[in-house]
Amino acid sequence: MSFLSNYWSRWFNTDDEARLVFSSIIGLVAVAWILTLLVKKSSNRNPPLPPGPRGLPLIGNLLSLDPELHTYFGGLAKSYGPIYTLKLGGKIGVVITSPELAKQVLKDQDTTFANRDVPVVGREAAYGGVDIVWTPYGPEWRMLRKVCVREMLGNATLDSVYGLRRRELRQTIGYLHGKAGTAVDVGEQMFVTVLNVITGMLWGGTVKGEERAGLGAEFKEVVGEMTALLGAPNISDFFPALERLDLQGIQKRMKGLAKRFDRIFEKMIEQRLKMSGDHGSKDFLQILLQMKETHGDANTPFTITHVKALLMDMVVGGTDTTSNAVEFAVAEIMNRPEIMAKVQQELDSVVGKDNIVEESHINKLPYLSLVMKEALRLHPSLPLLVPHCPSATSVVAGYTIPKGARVFVNVWAIHRDPSIWENPLEFRPERFCDGKWDYSGNDLNYFPFGSGRRICAGTAMAERMFMYSLASLLHSFDWSVPAGERLDLEEKFGIVLKKKLPLVAVPTPRLSHPSLYE
Ligand code: HEM
């Protein structure tokens with residue numbers, strides 16, 4: 001037993017917390033065991049639940065969960081097949097690990113499964129869960145998604161704010177030029193670039209100079225912690241009766257993080273409300289505030305809470321996802337000098353060494369786009385997507401998936417399935433040469449942005465930022481590992497996947513003139 005409580009303690013801050021939870025659970029086990037015997041129903045009318053590992057009464061499989069959920073789930077699929085059940089306390093978890101079954105869930109039965117089982121921390125982070133990510137499928141979700149795509153994430157708006165992306169990326173390149181020959185944290189620089197672009201679109205905010213690195217590091221830490229908490233198993237989700245106790249302290253930590261962002265949002269909203277009259281082109285916050293005044297769609301009210309929740313979605317959903325993906329890509333390319341050479345050759349022939357990369361070059365860089373696809377295959381930013389949840393009891397592959405189950409689609413494992421991908425662990429952009437796979441989510445062998453109604457709302461923006469950033473980084477500099485260090489490619493699980501160790505690398509300018517870095 002002490003082994004189990006030690007094992008479990010990995011999810012807690014202290015051993016005392018772990019012991020308290022562990023003994024409460026053991027106490028409840030006895031009660032549950034008796035109840036299970038009493039309430040055992042003859043439920044032969046429905047098909048069975050998917051198979052799965054045997055668990056303990058009441059707590060089910062909770063004790064055996066590994067923090068690296070994506071690899072752990074991938075391993076279980078080898079024993080239990082492409083659909084299996086995990087008993088997570090009072091909740092049923094179902095893990096899907098094949099393109100055929102992912103299609104059944106995300107396409108064929110999309111309207112049923114396009115819902116979320118909102119975790120306690122999701123509610124805490126997003127003002128009760130009234131944002132795009134956590135709102136159930138329905139008119140409110142449609143309205144929120146429509147306004148974001150129309151006013152911020154669609155191609156027309158993205159075209160109109162290219163100047164913003166350009167300014168931020170040029171600033172990053174200039175900053176890196178100033179650091180030439182010294183080690184820099186690539187992920188942190190990418191994070192602050194994406195953050196500045198997003199906050200620039202939201203309310204015109206931007207940070208410059210040395211403050212960039214400092215603020216970037218702080219925001220990165222907050223967003224990183226938020227996404228880690230969103231991915232961590234929380235007792236309160238599995239035993240709602242225990243939610244009040246917040247045994248792991250996860251809810252309290254998320255509340256603190258969300259508060260930090262809320263203060264910034266409040267300040268920005270206050271400033272915008274003070275601005276009167278028309279100041280030319282509007283930023284996203286102004287559009288949202290105006291929408292609030294006109295009460296949104298005819299039947300769906302749009303409140304200040306929605307405004308803040310959407311700001312949170314854009315900041316949390318857009319930053320880490322994009323910057324971690326670029327960081328993985330740079331690391332993989334550094335690990336394969338022949339790929340680096342090919343990318344730089346393409347850039348030199350399309351852009352030239354006497355010129356700087358513009359976003360308009362992106363469509364002329366076919367090899368770089370294969371690199372992006374391959375990076376998102378090997379390290380999909382959301383390895384288990386955002387878990388889905390059926391709004392009604394459904395049948396998938398002849399098994400029952402009860403209403404309210406938490407459905408994990410393991411896109412990470414599908415992207416590494418050797419029956420689909422030759423040498424799946426090898427970083428080989430050429431595998432995408434035949435143009436068979438794109439980001440539309442139509443082919444469930446490859447869907448880094450998800451598929452169906454809940455597909456990523458920011459795909460167009462992510463694609464532009466990823467390609468433009470990667471092209472600029474590799475065109476402007478050669479990259480090397482600092483002396484005495486080794487390149488690490490390991491992953492760390494969170495709802496957003498990240499590098500286990502940050503990529504620290506040394507940039508060496510490679511363009512013809514210092515003015516190209518200004
Ligand atoms: C490389 C970058 C990115 C990747 C790989 C990515 C991937 C994903 C995935 C897999 C989902 C979940 C789909 C599902 O639940 O089935 C998602 C949802 C979402 N993403 Fe992204 N994303 C990226 C960047 C962005 C950006 C830049 C934004 C916005 C600024 C964004 C906004 C959202 C939103 C709002 C959702 C929730 C959609 C919904 O529930 O309806 N993402 N993303």
# chains A, B, ... in the order shown; residues from 1 in each chain; ligands from 1

$ closest_atom_pairs --of "segment 176-205 of chain A" --to "segment 504-515 of chain A" --cutoff "12 Å" --atoms "only C-alpha atoms" --output "CSV"
residue,atom,partner,partner_atom,distance
A:Leu176,CA,A:Pro507,CA,7.0
A:His177,CA,A:Pro509,CA,6.8
A:Gly178,CA,A:Pro507,CA,9.8
A:Lys179,CA,A:Pro507,CA,7.6
A:Ala180,CA,A:Pro507,CA,5.3
A:Gly181,CA,A:Val506,CA,5.7
A:Thr182,CA,A:Val506,CA,5.4
A:Ala183,CA,A:Val506,CA,4.5
A:Val184,CA,A:Val504,CA,5.3
A:Asp185,CA,A:Val504,CA,4.5
A:Val186,CA,A:Val504,CA,6.0
A:Gly187,CA,A:Val504,CA,8.2
A:Glu188,CA,A:Val504,CA,9.5
A:Gln189,CA,A:Val504,CA,10.5

$ write_last_selection --atoms "N, CA and C atoms" --output "tab-separated table (two decimals), in the first residue's frame"
chain	number	residue	atom	x	y	z
A	176	LEU	N	17.64	38.67	-31.64
A	176	LEU	CA	18.53	37.50	-31.75
A	176	LEU	C	19.88	37.91	-32.36
A	177	HIS	N	19.83	38.88	-33.28
A	177	HIS	CA	21.08	39.36	-33.88
A	177	HIS	C	21.97	39.97	-32.80
A	178	GLY	N	21.32	40.71	-31.89
A	178	GLY	CA	22.07	41.30	-30.78
A	178	GLY	C	22.67	40.24	-29.87
A	179	LYS	N	22.11	39.06	-29.88
A	179	LYS	CA	22.58	37.96	-29.01
A	179	LYS	C	23.46	36.99	-29.80
A	180	ALA	N	23.83	37.35	-31.03
A	180	ALA	CA	24.59	36.42	-31.88
A	180	ALA	C	25.79	35.86	-31.13
A	181	GLY	N	26.00	34.55	-31.28
A	181	GLY	CA	27.16	33.92	-30.65
A	181	GLY	C	26.91	33.50	-29.21
A	182	THR	N	25.77	33.88	-28.64
A	182	THR	CA	25.46	33.45	-27.26
A	182	THR	C	24.21	32.56	-27.29
A	183	ALA	N	24.03	31.81	-26.20
A	183	ALA	CA	22.90	30.87	-26.16
A	183	ALA	C	21.59	31.61	-25.88
A	184	VAL	N	20.55	31.28	-26.65
A	184	VAL	CA	19.23	31.88	-26.39
A	184	VAL	C	18.18	30.77	-26.26
A	185	ASP	N	17.13	31.10	-25.50
A	185	ASP	CA	16.02	30.16	-25.35
A	185	ASP	C	15.06	30.38	-26.53
A	186	VAL	N	15.09	29.46	-27.47
A	186	VAL	CA	14.34	29.65	-28.73
A	186	VAL	C	12.83	29.68	-28.46
A	187	GLY	N	12.36	28.77	-27.59
A	187	GLY	CA	10.92	28.70	-27.30
A	187	GLY	C	10.42	30.00	-26.67
A	188	GLU	N	11.23	30.55	-25.78
A	188	GLU	CA	10.84	31.78	-25.11
A	188	GLU	C	10.72	32.93	-26.12
A	189	GLN	N	11.67	33.00	-27.03
A	189	GLN	CA	11.63	34.04	-28.05
A	189	GLN	C	10.42	33.88	-28.97

$ residues_near_ligand --ligand "ligand 1" --cutoff "7 Å" --atoms "only C-alpha atoms and all ligand atoms" --output "ChimeraX atom specification"
/A:132-134,145,153,198,313-315,317-319,321-322,325,376,380-382,385-388,448-451,453-459,461-463,466

$ write_last_selection --atoms "C-alpha atoms" --output "PDB file, in the first residue's frame"
ATOM      1  CA  ILE A 132     -15.081  28.612 -27.255  1.00  0.00           C
ATOM      2  CA  VAL A 133     -13.024  25.735 -25.903  1.00  0.00           C
ATOM      3  CA  TRP A 134     -15.410  24.606 -23.138  1.00  0.00           C
ATOM      4  CA  ARG A 145     -16.594  30.820 -32.694  1.00  0.00           C
ATOM      5  CA  LEU A 153      -8.690  34.452 -37.062  1.00  0.00           C
ATOM      6  CA  ILE A 198      -1.901  38.044 -30.435  1.00  0.00           C
ATOM      7  CA  ASP A 313      -8.873  31.610 -25.319  1.00  0.00           C
ATOM      8  CA  MET A 314      -6.793  33.655 -27.702  1.00  0.00           C
ATOM      9  CA  VAL A 315      -3.922  34.205 -25.238  1.00  0.00           C
ATOM     10  CA  GLY A 317      -4.984  28.728 -26.881  1.00  0.00           C
ATOM     11  CA  GLY A 318      -2.831  30.577 -29.390  1.00  0.00           C
ATOM     12  CA  THR A 319       0.558  31.127 -27.760  1.00  0.00           C
ATOM     13  CA  THR A 321       0.550  25.764 -29.076  1.00  0.00           C
ATOM     14  CA  THR A 322       2.266  27.740 -31.825  1.00  0.00           C
ATOM     15  CA  ALA A 325       5.466  23.648 -32.255  1.00  0.00           C
ATOM     16  CA  LEU A 376       3.218  18.540 -36.284  1.00  0.00           C
ATOM     17  CA  PRO A 380       1.175  17.348 -32.314  1.00  0.00           C
ATOM     18  CA  SER A 381       0.595  20.340 -30.037  1.00  0.00           C
ATOM     19  CA  LEU A 382      -2.479  18.791 -28.388  1.00  0.00           C
ATOM     20  CA  LEU A 385      -6.877  16.940 -28.557  1.00  0.00           C
ATOM     21  CA  VAL A 386      -9.152  18.698 -26.079  1.00  0.00           C
ATOM     22  CA  PRO A 387     -11.111  15.726 -24.704  1.00  0.00           C
ATOM     23  CA  HIS A 388     -14.536  15.307 -26.294  1.00  0.00           C
ATOM     24  CA  PRO A 448      -2.801  17.883 -35.857  1.00  0.00           C
ATOM     25  CA  PHE A 449      -5.518  20.564 -35.640  1.00  0.00           C
ATOM     26  CA  GLY A 450      -8.293  18.094 -34.835  1.00  0.00           C
ATOM     27  CA  SER A 451     -11.268  17.340 -37.062  1.00  0.00           C
ATOM     28  CA  ARG A 453     -16.872  20.884 -35.705  1.00  0.00           C
ATOM     29  CA  ARG A 454     -14.371  21.353 -32.904  1.00  0.00           C
ATOM     30  CA  ILE A 455     -11.364  21.594 -35.201  1.00  0.00           C
ATOM     31  CA  CYS A 456      -8.906  24.305 -34.109  1.00  0.00           C
ATOM     32  CA  ALA A 457     -10.371  27.775 -34.607  1.00  0.00           C
ATOM     33  CA  GLY A 458      -6.900  29.254 -35.191  1.00  0.00           C
ATOM     34  CA  THR A 459      -5.508  26.990 -37.944  1.00  0.00           C
ATOM     35  CA  MET A 461      -3.216  31.985 -37.990  1.00  0.00           C
ATOM     36  CA  ALA A 462      -1.109  29.090 -36.670  1.00  0.00           C
ATOM     37  CA  GLU A 463      -0.024  28.121 -40.173  1.00  0.00           C
ATOM     38  CA  PHE A 466       4.601  28.892 -37.835  1.00  0.00           C
TER      39      PHE A 466
END

$ residues_around --residues "Pro48 of chain A" --least-positions-apart "6" --cutoff "12 Å" --atoms "only C-alpha atoms" --output "PDB file with C-alpha atoms, in the first residue's frame"
ATOM      1  CA  SER A  42     -28.411  -6.628 -15.445  1.00  0.00           C
ATOM      2  CA  TYR A  84     -10.608   1.001 -24.466  1.00  0.00           C
ATOM      3  CA  THR A  85     -12.114   2.131 -21.207  1.00  0.00           C
ATOM      4  CA  THR A 393     -25.081   7.543 -24.832  1.00  0.00           C
ATOM      5  CA  SER A 394     -23.650   6.306 -28.127  1.00  0.00           C
ATOM      6  CA  VAL A 395     -22.272   3.215 -29.769  1.00  0.00           C
ATOM      7  CA  VAL A 396     -18.793   3.205 -31.332  1.00  0.00           C
ATOM      8  CA  ALA A 397     -17.260   0.062 -32.836  1.00  0.00           C
ATOM      9  CA  GLY A 398     -19.989  -2.000 -31.191  1.00  0.00           C
ATOM     10  CA  TYR A 399     -19.249  -0.645 -27.711  1.00  0.00           C
ATOM     11  CA  THR A 400     -21.305   1.678 -25.550  1.00  0.00           C
ATOM     12  CA  ILE A 401     -19.868   5.088 -24.746  1.00  0.00           C
ATOM     13  CA  PRO A 402     -21.998   6.500 -21.955  1.00  0.00           C
TER      14      PRO A 402
END

$ atom_distance --atom1 "atom CA of Met372 of chain A" --atom2 "atom CA of Glu422 of chain A"
18.0 Å

$ atom_distance --atom1 "atom CA of Thr97 of chain A" --atom2 "atom CA of Asn410 of chain A"
5.4 Å

$ closest_residue --among "A:Gly204, A:Gly128, A:Gly231, A:Gly249" --to "Gln286 of chain A" --atoms "only C-alpha atoms"
A:Gly204

$ residues_around --residues "Phe408 of chain A" --least-positions-apart "2" --cutoff "10 Å" --atoms "only C-alpha atoms" --output "PyMOL selection string"
chain A and resi 70+73+83+93-97+102+383-389+405-406+410-411

$ write_last_selection --atoms "C-alpha atoms" --output "compact mmCIF listing (two decimals), in the first residue's frame"
# COMPACT_ATOMS: atom_id res chain seq x y z
CA HIS A 70 -0.01 10.39 -24.23
CA PHE A 73 -2.33 5.75 -23.33
CA ILE A 83 -10.82 1.67 -28.17
CA GLY A 93 -12.69 7.58 -19.78
CA VAL A 94 -12.56 6.18 -23.31
CA VAL A 95 -9.36 6.29 -25.35
CA ILE A 96 -9.52 6.15 -29.16
CA THR A 97 -6.34 5.21 -31.03
CA ALA A 102 -11.44 8.71 -34.65
CA PRO A 383 -1.56 15.10 -28.24
CA LEU A 384 -4.99 14.02 -26.93
CA LEU A 385 -6.88 16.94 -28.56
CA VAL A 386 -9.15 18.70 -26.08
CA PRO A 387 -11.11 15.73 -24.70
CA HIS A 388 -14.54 15.31 -26.29
CA CYS A 389 -17.72 14.19 -24.54
CA ALA A 405 -17.74 10.03 -20.69
CA ARG A 406 -14.39 11.77 -21.24
CA ASN A 410 -4.80 9.98 -29.11
CA VAL A 411 -3.69 11.83 -32.23

$ residues_around --residues "His361 of chain A" --least-positions-apart "6" --cutoff "10 Å" --atoms "only C-alpha atoms" --output "PyMOL selection string"
chain A and resi 347+350-351+467-468+471

$ atom_distance --atom1 "atom CA of Arg45 of chain A" --atom2 "atom CA of Val407 of chain A"
22.5 Å

$ closest_residue --among "A:Arg263, A:His306, A:His475, A:Lys436" --to "Val343 of chain A" --atoms "only C-alpha atoms"
A:His475

$ select_by_dssp --residues "segment 33-214 of chain A" --states "strand (DSSP E)" --output "list in words"
Ile83, Tyr84, Thr85, Leu86, Lys87, Leu88, Lys91, Ile92, Gly93, Val94, Val95, Ile96, Val184 and Asp185 of chain A

$ select_by_dssp --residues "segment 56-209 of chain A" --states "helix (DSSP H, G or I)" --output "VMD selection string"
chain A and resid 62 to 64 69 to 80 99 to 108 110 to 113 120 to 125 139 to 153 155 to 160 162 to 178 186 to 203 209

$ residues_around --residues "Thr157 of chain A" --least-positions-apart "6" --cutoff "10 Å" --atoms "only C-alpha atoms" --output "PyMOL selection string"
chain A and resi 149-151+201+461

$ write_last_selection --atoms "C-alpha atoms" --output "PDB file, in the first residue's frame"
ATOM      1  CA  VAL A 149     -13.089  33.532 -36.877  1.00  0.00           C
ATOM      2  CA  ARG A 150     -14.777  36.498 -38.598  1.00  0.00           C
ATOM      3  CA  GLU A 151     -13.099  39.285 -36.647  1.00  0.00           C
ATOM      4  CA  MET A 201      -4.460  41.979 -32.463  1.00  0.00           C
ATOM      5  CA  MET A 461      -3.216  31.985 -37.990  1.00  0.00           C
TER       6      MET A 461
END
